[in-house]
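Undergrad: Following this line is structure-v1.cif, made up of mmCIF, C-alpha atoms and all ligand atoms:
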```
data_coords
loop_
_atom_site.label_atom_id
_atom_site.label_comp_id
_atom_site.auth_asym_id
_atom_site.auth_seq_id
_atom_site.Cartn_x
_atom_site.Cartn_y
_atom_site.Cartn_z
CA MET I 206 0.00 0.00 0.00
CA THR I 207 1.42 3.37 -0.96
CA ARG I 208 0.83 6.56 0.90
CA PHE I 209 0.78 8.79 -2.18
CA SER I 210 -0.82 8.09 -5.53
CA CYS I 211 2.00 9.86 -7.33
CA HIS I 212 5.49 11.13 -6.61
CA LEU I 213 7.03 13.79 -8.83
CA PHE I 214 10.77 14.22 -8.43
CA VAL I 215 12.12 17.44 -9.92
CA CYS I 216 15.88 17.54 -10.33
CA THR I 217 17.38 20.51 -8.53
CA ASN I 218 20.95 19.32 -8.81
CA ARG I 219 23.52 22.10 -9.08
CA ARG I 220 26.98 21.78 -10.59
CA ALA I 221 29.82 24.23 -10.98
CA GLU I 222 29.33 26.78 -13.76
CA ASP I 223 32.18 25.31 -15.78
CA ASN I 224 30.97 21.71 -15.57
CA PRO I 225 30.28 20.54 -19.15
CA LYS I 226 27.32 18.43 -18.05
CA GLY I 227 25.43 21.50 -16.90
CA CYS I 228 22.64 21.11 -14.38
CA CYS I 229 18.95 21.64 -13.88
CA ALA I 230 19.41 24.20 -11.12
CA SER I 231 21.14 26.56 -13.55
CA LYS I 232 18.01 26.32 -15.72
CA GLY I 233 15.65 27.35 -12.92
CA SER I 234 14.63 23.99 -11.51
CA GLU I 235 14.48 25.13 -7.87
CA GLN I 236 11.90 27.77 -8.75
CA ILE I 237 10.00 25.31 -10.94
CA ALA I 238 9.91 22.63 -8.23
CA LYS I 239 8.65 25.15 -5.72
CA ALA I 240 5.98 26.42 -8.13
CA ILE I 241 4.75 22.88 -8.85
CA LYS I 242 4.51 22.13 -5.15
CA ILE I 243 2.60 25.32 -4.40
CA LYS I 244 0.23 24.76 -7.30
CA ALA I 245 -0.34 21.14 -6.28
CA TYR I 246 -1.22 22.21 -2.76
CA GLU I 247 -3.54 24.92 -4.10
CA ARG I 248 -5.32 22.18 -6.06
CA GLY I 249 -5.84 20.22 -2.86
CA LEU I 250 -3.33 17.49 -3.62
CA LYS I 251 -1.46 17.65 -0.33
CA GLY I 252 -1.40 14.15 1.11
CA GLN I 253 -2.26 12.59 -2.26
CA VAL I 254 0.64 13.66 -4.42
CA ARG I 255 4.19 14.28 -3.28
CA VAL I 256 6.43 16.77 -5.10
CA ASN I 257 10.07 16.35 -4.14
CA GLN I 258 13.29 18.03 -5.09
CA ALA I 259 15.77 15.44 -6.29
CA GLY I 260 19.40 15.09 -7.13
CA CYS I 261 20.51 14.35 -10.65
CA ILE I 262 18.22 11.91 -12.46
CA ASP I 263 20.65 11.48 -15.34
CA ALA I 264 18.82 13.64 -17.85
CA CYS I 265 21.03 16.70 -17.49
CA ALA I 266 21.30 17.66 -21.14
CA THR I 267 17.54 18.03 -21.45
CA GLY I 268 16.85 19.59 -18.05
CA VAL I 269 14.93 20.86 -16.28
CA SER I 270 14.07 17.22 -15.79
CA ALA I 271 11.61 15.37 -13.59
CA VAL I 272 10.41 11.82 -13.14
CA MET I 273 7.02 10.61 -11.93
CA TYR I 274 6.25 7.43 -10.09
CA PRO I 275 4.61 5.00 -10.30
CA SER I 276 4.52 5.67 -14.05
CA GLY I 277 8.28 6.14 -14.44
CA VAL I 278 7.69 8.83 -17.06
CA TYR I 279 10.48 11.38 -17.41
CA TYR I 280 9.76 14.98 -18.39
CA GLN I 281 12.37 17.21 -19.98
CA GLN I 282 12.85 20.88 -20.72
CA ILE I 283 10.30 21.94 -18.13
CA THR I 284 9.78 25.67 -17.76
CA LEU I 285 7.65 27.77 -15.45
CA ASP I 286 5.12 27.98 -18.29
CA ASP I 287 4.57 24.22 -17.93
CA VAL I 288 3.80 24.24 -14.20
CA ASP I 289 0.01 24.66 -14.38
CA GLU I 290 -0.31 22.02 -17.09
CA ILE I 291 1.85 19.51 -15.21
CA VAL I 292 -0.28 19.91 -12.10
CA GLU I 293 -3.63 19.84 -13.87
CA ARG I 294 -2.96 17.15 -16.44
CA SER I 295 -0.37 14.92 -14.83
CA LEU I 296 -0.94 15.25 -11.09
CA VAL I 297 -4.71 15.79 -11.04
CA GLN I 298 -5.79 13.79 -14.10
CA GLY I 299 -2.92 11.31 -14.34
CA GLU I 300 -2.20 12.12 -17.99
CA VAL I 301 1.17 12.11 -19.69
CA ILE I 302 2.05 15.36 -21.44
CA LYS I 303 3.63 13.96 -24.58
CA ARG I 304 5.53 17.07 -25.63
CA LEU I 305 7.47 16.98 -22.35
CA VAL I 306 8.31 13.28 -22.35
CA LEU I 307 11.95 12.31 -22.50
CA PRO I 308 11.47 9.62 -25.15
CA PHE I 309 14.19 7.09 -24.42
CA ARG I 310 13.40 6.61 -20.75
CA GLN I 311 11.52 3.48 -19.78
CA ALA I 312 10.35 2.64 -16.33
CA ALA I 313 12.17 -0.29 -14.83
CA PRO I 314 9.82 -3.08 -13.87
CA PRO I 315 9.30 -3.53 -10.16
CA ALA I 316 11.73 -5.92 -8.48
CA GLY I 317 10.75 -9.49 -9.17
CA GLN I 318 8.82 -8.57 -12.33
CA GLU I 319 11.76 -8.26 -14.70
CA THR I 320 11.26 -9.87 -18.09
CA GLY I 321 13.71 -11.82 -20.19
S1 LIG I 401 21.38 17.77 -13.29
FE1 LIG I 401 19.25 17.47 -13.54
S2 LIG I 401 19.13 15.55 -14.50
FE2 LIG I 401 21.24 15.78 -14.09
#
```
Show me, as structure tokens, the structure contained in the file I just sent.
Ligand code: FES
TA:
Amino acid sequence: MTRFSCHLFVCTNRRAEDNPKGCCASKGSEQIAKAIKIKAYERGLKGQVRVNQAGCIDACATGVSAVMYPSGVYYQQITLDDVDEIVERSLVQGEVIKRLVLPFRQAAPPAGQETG
């Protein structure tokens, strides 16, 4: 039994300015994560959906990046303009916003359910 129906992890990892990998924090992820959390709470999702700041989720080049569970869908290139839509469509309605999906990411099957 899970406590929350959905977890959204927004990468807020920060690297040095001269790091060639870049980072989501330099693209505004801390502000975006905070805005998503506030909007989710305004929509009455507190206790149902959890919005967390996360370390690097290995999608740095296409950040600001986030991953949702249990779906395992990764979002990329999130901006503040996407916040309302992410909350309404993904967190409230459970939809995937296709234009934000990082296409090569697949959710790993739960432990014990791996396939050949
Ligand atoms: S720094 Fe955000 S995914 Fe790596």
Undergrad: Using only C-alpha atoms and all ligand atoms, determine which residues fall within 7 Å of ligand LIG 401 (chain I), then list them as an NGL selection string.
TA: :I and (216-219 or 227-229 or 260-265 or 268-270)
Undergrad: Using Å and a single decimal, report how far CA of Tyr274 in chain I sits from CA of Ala238 in chain I.
TA: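 The value is 15.7 Å.
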Undergrad: For the atom pair CA of Thr267 in chain I and CA of Ile283 in chain I, what is the interatomic distance in Å to one decimal place?
TA: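 Straight-line distance from CA of Thr267 in chain I to CA of Ile283 in chain I works out to 8.9 Å.
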Undergrad: For Met273 in chain I, which residue out of I:Asp286, I:Gly249, I:Arg255, I:Ala230 is the nearest one, using only C-alpha atoms?
TA: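 Once distances to Met273 in chain I are computed over only C-alpha atoms, the minimum belongs to I:Arg255.
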Undergrad: Using only C-alpha atoms, which residue out of I:Ala259, I:Leu307, I:Ala266, I:Val301 lies closest to Gln281 in chain I?
TA: I:Leu307
Undergrad: Grab the CA of Pro308 in chain I to CA of Asn224 in chain I distance for me, in Å with one decimal place.
TA: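 Spanning CA of Pro308 in chain I to CA of Asn224 in chain I is a straight-line distance of 24.9 Å.
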Undergrad: Could you tell me which of I:Leu285, I:Arg304, I:Val297, I:Val272 comes closest to Leu213 in chain I if we count all atoms listed in the file?
TA: I:Val272
Undergrad: Would you mind telling me which residue in I:Val278, I:Val288, I:Val215, I:Ala271 lies nearest to Glu300 in chain I when using only C-alpha atoms?
TA: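 Checking each of I:Val278, I:Val288, I:Val215, I:Ala271 against Glu300 in chain I, counting only C-alpha atoms, the winner is I:Val278.
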Undergrad: Return the single residue from I:Leu305, I:Ile243, I:Val256, I:Leu296 that is closest to Thr284 in chain I, with distances computed using only C-alpha atoms.
TA: I:Leu305
